[in-house]
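Novice: Provided herewith: work_1.txt, compact mmCIF, C-alpha atoms and all ligand atoms.
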```txt
# COMPACT_ATOMS: atom_id res chain seq x y z
CA MET A 23 -94.77 -151.56 156.52
CA GLU A 24 -94.93 -151.58 160.33
CA VAL A 25 -91.48 -150.04 160.53
CA LYS A 26 -92.61 -147.19 158.25
CA VAL A 27 -95.68 -146.47 160.44
CA LEU A 28 -93.49 -146.32 163.56
CA GLN A 29 -91.04 -143.98 161.79
CA ASN A 30 -93.91 -141.66 160.84
CA ILE A 31 -95.24 -141.61 164.40
CA LEU A 32 -91.81 -140.81 165.79
CA SER A 33 -91.14 -138.09 163.24
CA ALA A 34 -94.55 -136.44 163.92
CA ASN A 35 -93.70 -136.62 167.62
CA ASP A 36 -90.28 -135.06 167.02
CA GLN A 37 -91.86 -132.11 165.22
CA LEU A 38 -94.21 -131.45 168.12
CA ALA A 39 -91.36 -131.89 170.59
CA ALA A 40 -89.37 -129.25 168.72
CA ARG A 41 -92.34 -126.87 169.04
CA ASN A 42 -92.57 -127.58 172.78
CA ARG A 43 -88.86 -126.90 173.09
CA GLN A 44 -89.30 -123.59 171.29
CA LEU A 45 -92.05 -122.53 173.68
CA LEU A 46 -90.02 -123.61 176.72
CA ASN A 47 -87.02 -121.65 175.45
CA GLN A 48 -89.12 -118.61 174.75
CA LYS A 49 -90.40 -118.73 178.35
CA ARG A 50 -86.96 -119.73 179.74
CA VAL A 51 -88.26 -122.89 181.44
CA PHE A 52 -85.49 -125.46 181.96
CA THR A 53 -87.17 -128.84 181.56
CA VAL A 54 -86.06 -132.27 182.75
CA ASN A 55 -87.71 -135.56 181.74
CA ILE A 56 -87.32 -138.20 184.49
CA MET A 57 -87.73 -141.83 183.40
CA SER A 58 -87.55 -145.20 185.17
CA SER A 59 -89.39 -148.44 185.89
CA PRO A 60 -92.46 -148.17 188.13
CA GLY A 61 -91.40 -147.81 191.75
CA ALA A 62 -87.73 -146.90 191.17
CA GLY A 63 -88.19 -143.62 193.02
CA LYS A 64 -89.08 -140.87 190.51
CA THR A 65 -91.63 -139.20 192.78
CA SER A 66 -89.30 -139.53 195.78
CA LEU A 67 -86.46 -137.83 193.85
CA ILE A 68 -88.83 -135.08 192.68
CA LEU A 69 -89.96 -134.42 196.27
CA HIS A 70 -86.28 -134.16 197.38
CA THR A 71 -85.65 -131.79 194.49
CA ILE A 72 -88.57 -129.54 195.42
CA LYS A 73 -87.38 -129.50 199.03
CA GLY A 74 -83.79 -128.72 198.05
CA LEU A 75 -84.38 -126.07 195.39
CA LYS A 76 -87.78 -124.48 196.01
CA ASP A 77 -86.31 -121.47 197.82
CA LYS A 78 -83.93 -120.78 194.90
CA VAL A 79 -86.05 -121.42 191.83
CA LYS A 80 -89.72 -121.59 190.81
CA ILE A 81 -90.54 -125.27 190.19
CA ALA A 82 -93.48 -127.07 188.59
CA VAL A 83 -94.03 -130.78 187.96
CA ILE A 84 -95.88 -132.64 185.22
CA GLU A 85 -96.91 -136.06 186.49
CA GLY A 86 -97.44 -138.79 183.89
CA ASP A 87 -99.27 -141.91 184.97
CA VAL A 88 -101.51 -144.50 183.36
CA ALA A 89 -104.18 -143.66 185.95
CA SER A 90 -104.73 -141.73 189.23
CA SER A 91 -103.53 -138.37 190.48
CA LEU A 92 -101.69 -139.79 193.51
CA ASP A 93 -98.25 -138.44 192.57
CA ALA A 94 -99.58 -134.98 191.68
CA GLU A 95 -101.28 -134.90 195.09
CA LYS A 96 -97.95 -135.78 196.76
CA VAL A 97 -96.22 -132.92 194.93
CA THR A 98 -98.98 -130.48 195.86
CA ALA A 99 -98.87 -131.61 199.49
CA TYR A 100 -95.15 -130.82 199.39
CA GLY A 101 -95.84 -127.27 198.29
CA GLY A 102 -95.05 -127.88 194.61
CA ARG A 103 -97.16 -126.95 191.60
CA ALA A 104 -98.34 -130.01 189.63
CA VAL A 105 -100.30 -130.96 186.53
CA GLN A 106 -101.34 -134.58 186.11
CA ILE A 107 -101.50 -136.36 182.74
CA ASN A 108 -103.30 -139.71 182.69
CA THR A 109 -102.34 -141.71 179.61
CA ASP A 110 -105.32 -144.06 180.02
CA GLY A 111 -103.28 -147.18 179.29
CA GLY A 112 -100.50 -145.52 177.28
CA CYS A 113 -97.04 -146.64 178.38
CA HIS A 114 -95.22 -143.30 177.86
CA LEU A 115 -95.77 -139.58 177.58
CA ASP A 116 -95.55 -138.07 174.12
CA ALA A 117 -95.02 -134.54 172.84
CA ASN A 118 -98.72 -134.03 172.13
CA MET A 119 -99.63 -134.81 175.74
CA LEU A 120 -97.08 -132.24 176.81
CA VAL A 121 -98.74 -129.59 174.62
CA SER A 122 -101.89 -129.72 176.72
CA ALA A 123 -99.99 -129.94 180.02
CA LEU A 124 -97.98 -126.82 179.08
CA ASP A 125 -101.26 -125.06 178.27
CA ASN A 126 -102.29 -125.61 181.86
CA LEU A 127 -99.15 -124.19 183.44
CA PRO A 128 -98.28 -120.52 184.06
CA LEU A 129 -95.00 -120.76 182.14
CA ASP A 130 -94.06 -117.13 182.82
CA ASP A 131 -93.87 -118.04 186.49
CA ILE A 132 -91.82 -121.26 186.18
CA GLU A 133 -88.04 -121.65 185.91
CA LEU A 134 -87.61 -125.39 186.41
CA LEU A 135 -90.07 -127.96 185.06
CA LEU A 136 -89.73 -131.59 186.14
CA ILE A 137 -91.60 -134.22 184.13
CA GLU A 138 -92.24 -137.60 185.74
CA ASN A 139 -92.71 -139.97 182.81
CA VAL A 140 -94.79 -143.15 182.94
CA GLY A 141 -92.93 -146.00 184.68
CA ASN A 142 -91.42 -148.03 181.82
CA LEU A 143 -87.87 -148.64 180.59
CA ILE A 144 -88.74 -148.95 176.89
CA CYS A 145 -91.15 -146.48 175.24
CA PRO A 146 -90.35 -143.25 177.13
CA ALA A 147 -86.82 -143.47 175.70
CA GLU A 148 -88.19 -143.22 172.15
CA PHE A 149 -90.51 -140.24 172.55
CA ALA A 150 -88.94 -136.79 172.88
CA LEU A 151 -91.12 -134.28 174.70
CA GLY A 152 -89.16 -131.09 174.08
CA GLU A 153 -87.18 -131.41 177.31
CA HIS A 154 -83.64 -130.05 177.77
CA LYS A 155 -82.29 -132.99 179.77
CA LYS A 156 -83.22 -136.65 180.12
CA VAL A 157 -82.65 -138.36 183.45
CA MET A 158 -82.82 -142.10 183.94
CA LEU A 159 -83.35 -143.54 187.39
CA LEU A 160 -82.53 -147.13 188.26
CA SER A 161 -83.14 -148.61 191.69
CA LEU A 162 -80.88 -151.35 193.03
CA PRO A 163 -83.58 -154.08 193.36
CA GLU A 164 -84.08 -153.98 189.57
CA GLY A 165 -80.65 -155.56 189.05
CA ASP A 166 -77.36 -154.48 187.49
CA ASP A 167 -78.10 -156.08 184.09
CA LYS A 168 -80.63 -153.47 182.95
CA PRO A 169 -78.22 -151.51 180.68
CA TYR A 170 -77.77 -154.73 178.65
CA LYS A 171 -81.52 -155.34 178.41
CA TYR A 172 -82.72 -151.75 177.85
CA PRO A 173 -79.71 -150.05 176.23
CA LEU A 174 -81.58 -147.16 174.57
CA MET A 175 -82.73 -145.72 177.88
CA PHE A 176 -79.14 -145.61 179.13
CA THR A 177 -77.76 -144.34 175.82
CA ILE A 178 -80.00 -141.27 175.64
CA ALA A 179 -79.71 -140.24 179.31
CA ASP A 180 -77.82 -137.09 180.30
CA ALA A 181 -77.76 -138.37 183.87
CA VAL A 182 -78.29 -141.78 185.46
CA VAL A 183 -79.40 -141.79 189.09
CA ILE A 184 -78.87 -145.04 191.01
CA ASN A 185 -81.46 -145.03 193.79
CA LYS A 186 -82.13 -147.13 196.91
CA LEU A 187 -78.46 -147.18 197.89
CA ASP A 188 -79.57 -148.05 201.43
CA LEU A 189 -80.52 -151.54 200.14
CA LEU A 190 -77.05 -152.33 198.74
CA PRO A 191 -76.01 -154.58 201.69
CA TYR A 192 -79.00 -156.87 201.00
CA LEU A 193 -78.57 -157.26 197.23
CA ASP A 194 -76.10 -158.73 194.74
CA PHE A 195 -75.77 -155.53 192.75
CA ASP A 196 -72.34 -154.89 191.26
CA ILE A 197 -72.40 -151.10 191.37
CA GLU A 198 -68.92 -150.56 189.89
CA GLY A 199 -69.68 -153.01 187.06
CA PHE A 200 -73.02 -151.27 186.45
CA CYS A 201 -71.30 -147.87 186.17
CA ARG A 202 -68.71 -149.32 183.74
CA THR A 203 -71.51 -150.74 181.55
CA VAL A 204 -73.38 -147.43 181.53
CA LYS A 205 -70.19 -145.55 180.61
CA GLY A 206 -69.57 -148.10 177.84
CA LEU A 207 -72.94 -147.18 176.34
CA ASN A 208 -72.82 -143.48 177.05
CA GLN A 209 -69.67 -141.68 178.12
CA ARG A 210 -71.30 -138.31 178.71
CA ALA A 211 -73.86 -139.53 181.26
CA GLU A 212 -73.29 -138.29 184.80
CA ILE A 213 -73.93 -141.03 187.33
CA PHE A 214 -75.26 -140.35 190.84
CA ARG A 215 -75.62 -142.78 193.72
CA VAL A 216 -78.45 -141.80 196.03
CA SER A 217 -80.90 -143.02 198.61
CA CYS A 218 -84.14 -141.08 198.60
CA LYS A 219 -84.90 -142.85 201.90
CA THR A 220 -81.85 -141.65 203.85
CA GLY A 221 -81.01 -138.61 201.69
CA GLU A 222 -77.50 -139.94 200.99
CA GLY A 223 -76.10 -138.56 197.72
CA VAL A 224 -79.08 -136.32 197.03
CA GLU A 225 -76.90 -133.22 197.45
CA SER A 226 -74.71 -134.15 194.45
CA TRP A 227 -77.81 -134.71 192.28
CA LEU A 228 -79.11 -131.28 193.34
CA SER A 229 -75.83 -129.54 192.57
CA TRP A 230 -75.69 -131.13 189.09
CA LEU A 231 -79.26 -130.00 188.39
CA TRP A 232 -78.55 -126.52 189.73
CA ASN A 233 -75.44 -126.20 187.54
CA GLU A 234 -77.32 -127.38 184.45
CA LEU A 235 -80.04 -124.82 185.17
CA LYS A 236 -77.44 -122.07 185.53
CA ASN A 237 -75.71 -123.15 182.30
CA TYR A 238 -79.06 -123.07 180.52
CA ASN A 239 -79.80 -119.57 181.76
CA SER A 240 -76.39 -118.26 180.77
CA ILE A 241 -76.87 -119.30 177.13
N1 LIG B 1 -85.53 -148.36 200.59
C1 LIG B 1 -85.78 -147.34 199.75
N2 LIG B 1 -87.03 -147.15 199.30
C2 LIG B 1 -87.24 -146.11 198.47
C3 LIG B 1 -86.20 -145.23 198.06
N3 LIG B 1 -86.72 -144.32 197.21
C4 LIG B 1 -88.02 -144.61 197.09
N4 LIG B 1 -88.34 -145.68 197.85
C5 LIG B 1 -89.66 -146.31 198.00
O1 LIG B 1 -89.99 -146.95 196.77
C6 LIG B 1 -91.38 -146.87 196.51
C7 LIG B 1 -91.62 -146.24 195.14
O2 LIG B 1 -91.12 -144.89 195.17
P1 LIG B 1 -91.71 -143.78 194.22
O3 LIG B 1 -90.93 -142.53 194.44
O4 LIG B 1 -93.20 -143.70 194.35
O5 LIG B 1 -91.36 -144.41 192.78
P2 LIG B 1 -91.90 -144.06 191.32
O6 LIG B 1 -92.97 -145.05 191.01
O7 LIG B 1 -90.72 -144.22 190.41
O8 LIG B 1 -92.40 -142.65 191.36
C8 LIG B 1 -91.98 -146.05 197.67
O9 LIG B 1 -92.50 -146.96 198.61
C9 LIG B 1 -90.78 -145.30 198.21
O10 LIG B 1 -90.92 -144.98 199.57
C10 LIG B 1 -84.88 -145.46 198.59
O11 LIG B 1 -83.91 -144.75 198.29
N5 LIG B 1 -84.74 -146.55 199.42
MG MG B 2 -94.29 -141.83 190.85
```
Represent the structure from my file as structure tokens, please.
Ligand SMILES: Nc1nc2c(ncn2[C@@H]2O[C@H](COP(=O)(O)OP(=O)(O)O)[C@@H](O)[C@H]2O)c(=O)[nH]1
Ligand SMILES: [Mg+2]

Specialist:
Amino acid sequence: MEVKVLQNILSANDQLAARNRQLLNQKRVFTVNIMSSPGAGKTSLILHTIKGLKDKVKIAVIEGDVASSLDAEKVTAYGGRAVQINTDGGCHLDANMLVSALDNLPLDDIELLLIENVGNLICPAEFALGEHKKVMLLSLPEGDDKPYKYPLMFTIADAVVINKLDLLPYLDFDIEGFCRTVKGLNQRAEIFRVSCKTGEGVESWLSWLWNELKNYNSI
């Protein structure tokens, strides 16, 4: 019985996500859903992305958090356009929440939409929003065993960003082993090694995102 209820919730969500995707395609807004544990560096990566691409493309950010508008304020302070969604205890964004966020954005004036999902390695992986790409961020202090413990998140990701590379000398994180495990789960995922603190590797993340955006627009 419980399984059935969950299936119904997910299928209702998928229908709404498909409608969001239709609207985003109609308005030509390339949309990326960024997921990770709390504190892995989603906001930091978004701020680097705004800095790196804002002169080339019109960017907006949807910030998902259980509470507060702190991250939306950071984006705004950086010169980005942001809408905050507070889930009021909910552990993920869902397609219905995105409907109202999209209502509050001038979609005709946006080319790249970044969505910062709620910090959580489980539920965000199950709820499609209508995005074009899913990005999973893992920071080194979380440990290299996470693909074994949370496989769905790594399986659905189009790109996996390994963040906090500057901390590698202080941790027992087997980065080559981690990449092999991710590839074992998901061969098509691009893997990036970055430090949002030092800026190392951010350029290759930006060029992947830029190429994906160009591919989208050439369809
Ligand atoms: N050492 C280090 N700290 C980082 C890095 N990226 C982010 N942080 C810090 O990690 C904390 C959480 O980052 P934030 O971007 O807010 O993570 P979020 O919760 O996923 O949005 C902040 O104190 C950041 O300054 C990094 O590459 N290296
Ligand atoms: Mg954040």

Novice: Could you list, as number ranges by chain, all protein and nucleic acid residues with an atom at most 9 Å from ligand LIG 1 (chain B), counting only C-alpha atoms and all ligand atoms?

Specialist: A: 57-69, 93, 138-141, 159-162, 184-189, 216-222

Novice: Quote the spacing between CA of Thr109 (chain A) and CA of Gly86 (chain A) in Å to one decimal place.

Specialist: 7.1 Å

Novice: From the set A:Gly206, A:Gly199, A:Gly152, A:Gly111, which residue has the shortest atom-to-atom contact distance to Pro173 (chain A), counting only C-alpha atoms?

Specialist: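 Selected residue with least distance to Pro173 (chain A): A:Gly206.
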
Novice: Dump as a list in words all residues having an atom at most 10 Å from (-84.8, -140.0, 179.2), computed in the file's coordinates with only C-alpha atoms.

Specialist: Val54, Asn55, Ile56, Met57, Ser58, Asn139, Leu143, Cys145, Pro146, Ala147, Glu148, Phe149, Ala150, Leu151, Glu153, Lys155, Lys156, Val157, Met158, Leu159, Leu174, Met175, Phe176, Thr177, Ile178, Ala179, Asp180, Ala181 and Val182 of chain A

Novice: Keeping C-alpha atoms for every residue in the selection just given, could you write it to a file as a compact mmCIF listing (two decimals), in the frame of the given file?

Specialist:
```txt
# COMPACT_ATOMS: atom_id res chain seq x y z
CA VAL A 54 -86.06 -132.27 182.75
CA ASN A 55 -87.71 -135.56 181.74
CA ILE A 56 -87.32 -138.20 184.49
CA MET A 57 -87.73 -141.83 183.40
CA SER A 58 -87.55 -145.20 185.17
CA ASN A 139 -92.71 -139.97 182.81
CA LEU A 143 -87.87 -148.64 180.59
CA CYS A 145 -91.15 -146.48 175.24
CA PRO A 146 -90.35 -143.25 177.13
CA ALA A 147 -86.82 -143.47 175.70
CA GLU A 148 -88.19 -143.22 172.15
CA PHE A 149 -90.51 -140.24 172.55
CA ALA A 150 -88.94 -136.79 172.88
CA LEU A 151 -91.12 -134.28 174.70
CA GLU A 153 -87.18 -131.41 177.31
CA LYS A 155 -82.29 -132.99 179.77
CA LYS A 156 -83.22 -136.65 180.12
CA VAL A 157 -82.65 -138.36 183.45
CA MET A 158 -82.82 -142.10 183.94
CA LEU A 159 -83.35 -143.54 187.39
CA LEU A 174 -81.58 -147.16 174.57
CA MET A 175 -82.73 -145.72 177.88
CA PHE A 176 -79.14 -145.61 179.13
CA THR A 177 -77.76 -144.34 175.82
CA ILE A 178 -80.00 -141.27 175.64
CA ALA A 179 -79.71 -140.24 179.31
CA ASP A 180 -77.82 -137.09 180.30
CA ALA A 181 -77.76 -138.37 183.87
CA VAL A 182 -78.29 -141.78 185.46
```

Novice: Which residue out of A:Val105, A:Leu32, A:Val88, A:Leu75 has the minimum interatomic distance to Trp230 (chain A) when only C-alpha atoms are used?

Specialist: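 The closest residue to Trp230 (chain A) is A:Leu75.
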
Novice: Quick one, how far is CA of Asn237 (chain A) from CA of Leu136 (chain A)?

Specialist: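 About the pair CA of Asn237 (chain A) and CA of Leu136 (chain A): they are 16.8 Å apart.
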
Novice: What does the structure give for the distance between CA of Leu46 (chain A) and CA of Ile72 (chain A), in Å to one decimal?

Specialist: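 According to the coordinates, CA of Leu46 (chain A) and CA of Ile72 (chain A) are separated by 19.7 Å.
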
Novice: Which residue out of A:Val97, A:Ala40, A:Val27, A:Val79 has the minimum interatomic distance to Leu134 (chain A) when all atoms listed in the file are used?

Specialist: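 Result for the nearest residue to Leu134 (chain A): A:Val79.
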
Novice: Only N, CA and C atoms, as a CSV table (one decimal), in the first residue's frame: that is what I want for region 154-194 of chain A.

Specialist:
```csv
chain,number,residue,atom,x,y,z
A,154,HIS,N,16.8,20.4,-17.4
A,154,HIS,CA,17.5,19.7,-18.5
A,154,HIS,C,18.7,18.9,-18.1
A,155,LYS,N,19.4,19.3,-17.0
A,155,LYS,CA,20.5,18.6,-16.5
A,155,LYS,C,20.5,18.5,-15.0
A,156,LYS,N,21.0,17.4,-14.5
A,156,LYS,CA,21.1,17.2,-13.0
A,156,LYS,C,22.6,17.2,-12.7
A,157,VAL,N,23.0,18.0,-11.7
A,157,VAL,CA,24.4,18.0,-11.3
A,157,VAL,C,24.4,17.7,-9.8
A,158,MET,N,25.4,16.8,-9.5
A,158,MET,CA,25.5,16.3,-8.1
A,158,MET,C,26.9,16.8,-7.7
A,159,LEU,N,26.9,17.4,-6.5
A,159,LEU,CA,28.1,17.9,-5.9
A,159,LEU,C,28.5,17.1,-4.7
A,160,LEU,N,29.7,16.7,-4.6
A,160,LEU,CA,30.2,16.0,-3.4
A,160,LEU,C,31.4,16.7,-2.9
A,161,SER,N,31.5,17.0,-1.6
A,161,SER,CA,32.7,17.6,-1.1
A,161,SER,C,33.5,16.6,-0.4
A,162,LEU,N,34.8,16.7,-0.5
A,162,LEU,CA,35.8,15.7,0.0
A,162,LEU,C,35.5,15.3,1.5
A,163,PRO,N,35.2,16.2,2.4
A,163,PRO,CA,35.0,15.8,3.8
A,163,PRO,C,33.9,14.8,4.0
A,164,GLU,N,33.0,14.7,3.0
A,164,GLU,CA,31.8,13.7,3.2
A,164,GLU,C,32.3,12.3,3.0
A,165,GLY,N,33.5,12.1,2.4
A,165,GLY,CA,34.0,10.7,2.3
A,165,GLY,C,33.7,10.1,0.9
A,166,ASP,N,34.6,9.1,0.6
A,166,ASP,CA,34.6,8.6,-0.8
A,166,ASP,C,33.6,7.4,-0.9
A,167,ASP,N,32.9,7.1,0.2
A,167,ASP,CA,32.0,5.9,0.1
A,167,ASP,C,30.6,6.3,-0.3
A,168,LYS,N,30.3,7.6,-0.5
A,168,LYS,CA,28.9,8.0,-0.7
A,168,LYS,C,28.2,7.4,-1.9
A,169,PRO,N,28.9,7.1,-3.0
A,169,PRO,CA,28.3,6.5,-4.2
A,169,PRO,C,27.7,5.1,-3.8
A,170,TYR,N,28.3,4.4,-2.8
A,170,TYR,CA,27.8,3.1,-2.4
A,170,TYR,C,26.6,3.3,-1.5
A,171,LYS,N,26.5,4.4,-0.7
A,171,LYS,CA,25.4,4.6,0.2
A,171,LYS,C,24.2,5.3,-0.4
A,172,TYR,N,24.5,6.1,-1.4
A,172,TYR,CA,23.4,6.9,-2.0
A,172,TYR,C,23.5,6.8,-3.5
A,173,PRO,N,23.4,5.5,-4.0
A,173,PRO,CA,23.7,5.3,-5.4
A,173,PRO,C,22.8,6.0,-6.4
A,174,LEU,N,21.5,6.2,-6.0
A,174,LEU,CA,20.6,6.9,-7.0
A,174,LEU,C,21.0,8.2,-7.4
A,175,MET,N,21.5,9.0,-6.4
A,175,MET,CA,22.0,10.4,-6.7
A,175,MET,C,23.1,10.4,-7.8
A,176,PHE,N,24.0,9.4,-7.7
A,176,PHE,CA,25.1,9.3,-8.6
A,176,PHE,C,24.7,8.7,-10.0
A,177,THR,N,23.6,7.9,-9.9
A,177,THR,CA,23.2,7.2,-11.1
A,177,THR,C,22.4,8.2,-12.1
A,178,ILE,N,21.7,9.2,-11.5
A,178,ILE,CA,20.9,10.1,-12.3
A,178,ILE,C,21.7,11.3,-12.7
A,179,ALA,N,22.9,11.5,-12.2
A,179,ALA,CA,23.6,12.8,-12.4
A,179,ALA,C,24.1,12.8,-13.9
A,180,ASP,N,24.0,14.0,-14.5
A,180,ASP,CA,24.7,14.2,-15.8
A,180,ASP,C,26.1,14.7,-15.5
A,181,ALA,N,26.3,15.3,-14.4
A,181,ALA,CA,27.7,15.7,-14.0
A,181,ALA,C,27.9,15.6,-12.5
A,182,VAL,N,29.1,15.1,-12.1
A,182,VAL,CA,29.4,15.0,-10.7
A,182,VAL,C,30.6,16.0,-10.4
A,183,VAL,N,30.4,16.9,-9.5
A,183,VAL,CA,31.4,17.9,-9.2
A,183,VAL,C,32.0,17.5,-7.8
A,184,ILE,N,33.3,17.3,-7.8
A,184,ILE,CA,34.0,17.0,-6.5
A,184,ILE,C,34.5,18.3,-6.0
A,185,ASN,N,34.0,18.8,-4.9
A,185,ASN,CA,34.4,20.1,-4.4
A,185,ASN,C,35.3,20.0,-3.2
A,186,LYS,N,35.9,21.1,-2.8
A,186,LYS,CA,36.8,21.2,-1.7
A,186,LYS,C,38.2,20.5,-1.9
A,187,LEU,N,38.6,20.5,-3.2
A,187,LEU,CA,39.9,19.9,-3.5
A,187,LEU,C,41.0,20.4,-2.7
A,188,ASP,N,40.9,21.6,-2.2
A,188,ASP,CA,42.0,22.2,-1.4
A,188,ASP,C,42.2,21.4,-0.1
A,189,LEU,N,41.2,20.6,0.3
A,189,LEU,CA,41.3,19.9,1.6
A,189,LEU,C,41.9,18.5,1.4
A,190,LEU,N,42.2,18.1,0.2
A,190,LEU,CA,42.6,16.7,-0.1
A,190,LEU,C,43.8,16.3,0.7
A,191,PRO,N,44.8,17.2,0.9
A,191,PRO,CA,46.0,16.7,1.7
A,191,PRO,C,45.7,16.4,3.2
A,192,TYR,N,44.5,16.8,3.7
A,192,TYR,CA,44.2,16.6,5.1
A,192,TYR,C,43.2,15.4,5.3
A,193,LEU,N,42.8,14.8,4.2
A,193,LEU,CA,41.8,13.8,4.3
A,193,LEU,C,42.2,12.4,3.6
A,194,ASP,N,41.6,11.3,4.1
A,194,ASP,CA,41.8,10.0,3.4
A,194,ASP,C,40.7,9.8,2.4
```
